[in-house]
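As provided, input_31.tsv (TSV, C-alpha atoms) reads as follows.
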```
chain	number	residue	atom	x	y	z
A	408	MET	CA	63.18	149.29	123.78
A	409	GLY	CA	60.52	148.29	121.27
A	410	SER	CA	58.98	144.98	120.31
A	411	GLY	CA	61.78	144.24	117.83
A	412	TYR	CA	64.41	144.22	120.54
A	413	LEU	CA	62.28	142.10	122.87
A	414	ILE	CA	61.71	139.48	120.17
A	415	LEU	CA	65.43	139.46	119.32
A	416	ALA	CA	66.48	139.21	122.96
A	417	GLY	CA	63.95	136.47	123.62
A	418	ALA	CA	65.09	134.41	120.64
A	419	ILE	CA	68.74	134.72	121.62
A	420	MET	CA	68.05	133.78	125.24
A	421	LEU	CA	66.01	130.76	124.16
A	422	PHE	CA	68.71	129.58	121.77
A	423	SER	CA	71.37	130.12	124.43
A	424	TRP	CA	69.35	128.16	126.99
A	425	LEU	CA	68.86	125.26	124.58
A	426	VAL	CA	72.58	125.03	123.78
A	427	SER	CA	73.57	125.38	127.45
A	428	SER	CA	71.09	122.69	128.46
A	429	ARG	CA	72.41	120.39	125.77
A	430	LEU	CA	75.98	121.07	126.87
A	431	LYS	CA	75.11	120.24	130.49
A	432	SER	CA	73.42	116.98	129.49
A	433	LYS	CA	76.41	116.01	127.32
A	434	PHE	CA	78.85	116.57	130.16
A	435	GLU	CA	76.66	114.61	132.55
A	436	LEU	CA	76.59	111.77	130.02
A	437	TYR	CA	80.32	111.68	129.40
A	438	SER	CA	81.09	112.15	133.09
A	439	LYS	CA	79.76	108.60	133.49
A	440	LEU	CA	82.19	107.28	130.86
A	441	GLN	CA	85.15	106.29	133.02
A	442	LEU	CA	88.62	106.31	131.46
A	443	GLN	CA	90.28	102.96	131.00
A	444	ASN	CA	93.69	104.56	131.58
A	445	GLY	CA	92.53	105.66	135.05
A	446	MET	CA	93.99	109.17	134.75
A	447	SER	CA	92.39	112.19	136.41
A	448	GLY	CA	91.83	115.55	134.73
A	449	ARG	CA	94.87	116.92	136.56
A	450	GLU	CA	97.06	114.06	135.34
A	451	ILE	CA	95.79	114.47	131.77
A	452	ALA	CA	96.57	118.19	131.89
A	453	GLU	CA	100.05	117.72	133.35
A	454	LYS	CA	100.94	115.12	130.73
A	455	MET	CA	99.72	117.27	127.84
A	456	LEU	CA	101.74	120.23	129.11
A	457	ALA	CA	104.86	118.08	129.47
A	458	ASP	CA	104.40	116.52	126.03
A	459	ASN	CA	104.34	120.03	124.58
A	460	GLY	CA	107.47	121.07	126.46
A	461	ILE	CA	105.60	123.41	128.81
A	462	TYR	CA	106.97	123.29	132.36
A	463	ASP	CA	106.17	126.78	133.68
A	464	VAL	CA	102.38	126.30	133.84
A	465	ARG	CA	100.69	125.03	137.00
A	466	VAL	CA	97.54	122.92	137.05
A	467	ILE	CA	95.31	123.94	139.96
A	468	SER	CA	91.79	123.25	141.19
A	469	THR	CA	89.15	125.99	141.15
A	470	PRO	CA	85.70	125.98	142.83
A	471	GLY	CA	82.46	125.71	140.88
A	472	GLN	CA	81.09	123.84	137.89
A	473	LEU	CA	82.24	124.54	134.31
A	474	THR	CA	84.61	127.18	135.73
A	475	ASP	CA	87.59	125.72	133.90
A	476	HIS	CA	89.91	128.22	132.23
A	477	TYR	CA	93.50	129.04	131.40
A	478	ASN	CA	94.93	132.21	132.93
A	479	PRO	CA	97.79	133.59	130.80
A	480	ALA	CA	98.58	136.22	133.43
A	481	ASP	CA	99.83	133.74	136.05
A	482	LYS	CA	100.21	130.75	133.72
A	483	THR	CA	97.76	128.45	135.44
A	484	VAL	CA	95.38	125.84	134.06
A	485	ASN	CA	92.37	126.16	136.37
A	486	LEU	CA	90.23	123.03	136.48
A	487	SER	CA	86.92	122.78	138.29
A	488	GLU	CA	86.82	120.20	141.08
A	489	ALA	CA	84.81	117.76	138.94
A	490	VAL	CA	87.44	117.92	136.20
A	491	TYR	CA	90.55	118.12	138.41
A	492	ASN	CA	89.82	114.99	140.42
A	493	HIS	CA	87.64	112.86	138.17
A	494	ARG	CA	88.66	110.21	135.67
A	495	ASN	CA	86.15	110.30	132.84
A	496	ALA	CA	85.86	111.37	129.20
A	497	ALA	CA	84.34	114.77	130.04
A	498	ALA	CA	87.15	115.59	132.48
A	499	ALA	CA	89.78	114.51	129.95
A	500	ALA	CA	88.22	116.69	127.24
A	501	VAL	CA	88.06	119.80	129.40
A	502	ALA	CA	91.53	119.35	130.88
A	503	ALA	CA	93.09	118.88	127.45
A	504	HIS	CA	91.13	121.83	126.03
A	505	GLU	CA	92.41	124.22	128.70
A	506	CYS	CA	95.94	122.97	128.08
A	507	GLY	CA	95.29	123.76	124.44
A	508	HIS	CA	95.13	127.41	125.50
A	509	ALA	CA	98.42	127.02	127.36
A	510	VAL	CA	99.99	125.69	124.15
A	511	GLN	CA	98.55	128.65	122.24
A	512	HIS	CA	100.12	131.01	124.77
A	513	ALA	CA	103.48	129.25	124.59
A	514	ILE	CA	103.69	129.49	120.80
A	515	GLY	CA	102.25	133.02	120.60
A	516	TYR	CA	99.04	132.06	118.82
A	517	GLU	CA	97.91	135.35	117.27
A	518	TRP	CA	94.19	135.05	118.00
A	519	LEU	CA	94.85	134.42	121.70
A	520	THR	CA	97.21	137.38	121.77
A	521	MET	CA	94.51	139.62	120.29
A	522	ARG	CA	91.89	138.35	122.72
A	523	SER	CA	94.18	138.87	125.70
A	524	ALA	CA	94.81	142.46	124.57
A	525	LEU	CA	91.07	143.11	124.54
A	526	VAL	CA	90.37	141.65	127.99
A	527	PRO	CA	91.06	144.87	130.00
A	528	ILE	CA	88.94	146.94	127.60
A	529	VAL	CA	86.05	144.48	127.62
A	530	SER	CA	86.19	144.09	131.40
A	531	VAL	CA	85.64	147.82	131.88
A	532	ALA	CA	83.24	148.26	128.97
A	533	SER	CA	80.92	145.45	130.07
A	534	ASN	CA	80.21	147.28	133.34
A	535	TYR	CA	78.93	150.43	131.67
A	536	VAL	CA	77.93	149.73	128.07
A	537	GLN	CA	74.32	148.70	128.74
A	538	TRP	CA	73.67	151.86	130.76
A	539	ILE	CA	75.23	154.03	128.05
A	540	LEU	CA	73.12	152.33	125.37
A	541	LEU	CA	69.95	152.72	127.43
A	542	ALA	CA	70.68	156.39	128.07
A	543	GLY	CA	71.53	156.84	124.40
A	544	ILE	CA	68.16	155.45	123.33
A	545	LEU	CA	66.28	157.61	125.84
A	546	MET	CA	68.15	160.70	124.62
A	547	ILE	CA	68.19	159.75	120.95
A	548	ARG	CA	66.43	162.92	119.84
A	549	THR	CA	68.44	165.36	121.92
A	550	PHE	CA	71.86	163.73	122.16
A	551	PRO	CA	72.24	160.95	119.55
A	552	GLN	CA	76.03	161.00	119.93
A	553	LEU	CA	75.65	159.20	123.26
A	554	LEU	CA	74.13	156.19	121.53
A	555	LEU	CA	76.97	156.24	119.02
A	556	VAL	CA	79.47	156.10	121.89
A	557	GLY	CA	77.60	153.12	123.31
A	558	ILE	CA	77.63	151.40	119.92
A	559	ILE	CA	81.39	151.85	119.59
A	560	ILE	CA	81.96	150.41	123.06
A	561	PHE	CA	79.58	147.53	122.40
A	562	ALA	CA	81.37	146.85	119.11
A	563	ALA	CA	84.54	146.19	121.11
A	564	THR	CA	82.77	143.55	123.18
A	565	THR	CA	81.31	142.06	120.00
A	566	LEU	CA	84.77	141.89	118.46
A	567	PHE	CA	85.90	140.03	121.57
A	568	THR	CA	83.21	137.35	121.11
A	569	ILE	CA	84.20	136.95	117.45
A	570	ILE	CA	87.91	136.62	118.20
A	571	THR	CA	87.06	134.08	120.90
A	572	LEU	CA	85.70	131.65	118.29
A	573	PRO	CA	89.00	130.70	116.58
A	574	VAL	CA	90.70	130.64	119.99
A	575	GLU	CA	88.24	128.11	121.40
A	576	TYR	CA	87.99	125.95	118.30
A	577	ASP	CA	91.77	125.82	117.93
A	578	ALA	CA	92.21	124.82	121.59
A	579	SER	CA	89.70	122.00	121.12
A	580	ASN	CA	91.42	120.83	117.94
A	581	ARG	CA	94.79	120.77	119.69
A	582	ALA	CA	93.28	118.87	122.62
A	583	LEU	CA	91.59	116.24	120.46
A	584	ALA	CA	94.66	115.79	118.26
A	585	TRP	CA	96.89	115.23	121.30
A	586	LEU	CA	94.43	112.83	122.93
A	587	GLU	CA	94.27	110.81	119.72
A	588	ASN	CA	97.97	110.91	118.77
A	589	LYS	CA	99.07	109.88	122.26
A	590	ARG	CA	96.35	107.20	122.40
A	591	MET	CA	95.13	108.56	125.70
A	592	LEU	CA	91.55	107.44	125.17
A	593	THR	CA	89.69	104.51	123.74
A	594	GLN	CA	87.68	105.04	120.57
A	595	GLN	CA	84.47	105.47	122.57
A	596	GLU	CA	86.10	107.87	125.03
A	597	GLN	CA	87.60	109.91	122.17
A	598	ALA	CA	84.19	110.20	120.51
A	599	GLY	CA	82.69	111.39	123.81
A	600	ALA	CA	85.42	113.97	124.32
A	601	LYS	CA	84.93	115.27	120.78
A	602	ASP	CA	81.16	115.55	121.23
A	603	ALA	CA	81.51	117.34	124.58
A	604	LEU	CA	83.93	119.91	123.17
A	605	LYS	CA	81.72	120.42	120.13
A	606	TRP	CA	78.81	121.51	122.32
A	607	ALA	CA	81.07	123.64	124.50
A	608	ALA	CA	82.24	125.50	121.39
A	609	ARG	CA	78.66	126.13	120.32
A	610	THR	CA	78.05	128.23	123.43
A	611	TYR	CA	80.65	130.67	122.09
A	612	VAL	CA	78.99	130.65	118.68
A	613	VAL	CA	75.65	131.56	120.28
A	614	ALA	CA	77.31	134.36	122.26
A	615	ALA	CA	78.91	135.78	119.11
A	616	ILE	CA	75.68	135.60	117.10
A	617	GLY	CA	73.75	137.25	119.90
A	618	SER	CA	76.30	140.04	120.24
A	619	ILE	CA	76.38	140.70	116.49
A	620	ALA	CA	72.58	140.75	116.26
A	621	THR	CA	72.31	143.13	119.20
A	622	LEU	CA	74.98	145.41	117.75
A	623	LEU	CA	73.14	145.57	114.43
A	624	TYR	CA	69.92	146.39	116.27
A	625	TYR	CA	71.48	149.39	118.01
A	626	ILE	CA	73.09	150.52	114.77
A	627	SER	CA	69.67	150.41	113.08
A	628	ILE	CA	68.22	152.62	115.82
A	629	TYR	CA	71.02	155.13	115.43
A	630	SER	CA	70.77	155.10	111.63
A	631	GLY	CA	67.01	155.59	111.83
A	632	SER	CA	67.43	158.59	114.10
A	633	ARG	CA	69.87	160.18	111.66
A	634	ARG	CA	67.42	159.79	108.78
A	635	ASN	CA	64.62	161.39	110.83
```

Have the structure of the file written as structure tokens, please.
Amino acid sequence: MGSGYLILAGAIMLFSWLVSSRLKSKFELYSKLQLQNGMSGREIAEKMLADNGIYDVRVISTPGQLTDHYNPADKTVNLSEAVYNHRNAAAAAVAAHECGHAVQHAIGYEWLTMRSALVPIVSVASNYVQWILLAGILMIRTFPQLLLVGIIIFAATTLFTIITLPVEYDASNRALAWLENKRMLTQQEQAGAKDALKWAARTYVVAAIGSIATLLYYISIYSGSRRN
């Protein structure tokens, strides 16, 4: 792979670990900030959906930690057990954020539509792209077209990480605006929810930067082979 790739991969992994660690510590901190309104993550989510006129989306519990997500296929807001049952600022932030995606789906938010269209492609591509890229590098002198194929496939996954950014930031903005406008949280709780979502969003920024940097690295290898 070369020393350049190892340095790049190492830097990206370190940065990703730092952001993930910070995110975990933030959620642990705000999980101790109990809501004065006494509402659970499930109750927060159900109220936000109702306030936005959405009645065909179910709020369900899903196993694991930080496994929260919105599934547009079956219209479910999936909240991890810690978020679904708990009554703290972190749970409120996550529950409202995932409902933000449900609102996006209901209004046909274009970035979410584009991301959803890429999901099947990325799901298949992610299983094979690394092997194709590796084979392409090993065969760069005899069959450089294979690396080009890998680059094109990897570009699709990179595009997915880029499109994810406006989707995630918009969902957080919708969540925070609703929490504030409906006076769901105290000033301290609102600040905690905002800080938690800020760090959650940064994990997607790191993923996008890492994917772009890796894509450029493979492109440089292919370009170098064409010049030689």

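Taking CA of Ile544 (chain A) and CA of Ile419 (chain A) as the two end points, the separation is 20.8 Å.
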
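Distance-wise, CA of Leu554 (chain A) and CA of Thr571 (chain A) end up 25.6 Å apart.
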
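Shortest separation to Asp577 (chain A) among A:Ser632, A:Asn459, A:Gln511, A:Ser487 occurs at residue A:Gln511, atoms counted being all atoms listed in the file.
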
Students should find that CA of Cys506 (chain A) and CA of Thr568 (chain A) are spaced 20.4 Å

Neighbourhood query: residues within 12 Å of (88.4, 131.8, 115.9), file coordinates, counting only C-alpha atoms; return as a PyMOL selection string.
chain A and resi 516-522+566-580+608+611-612+615
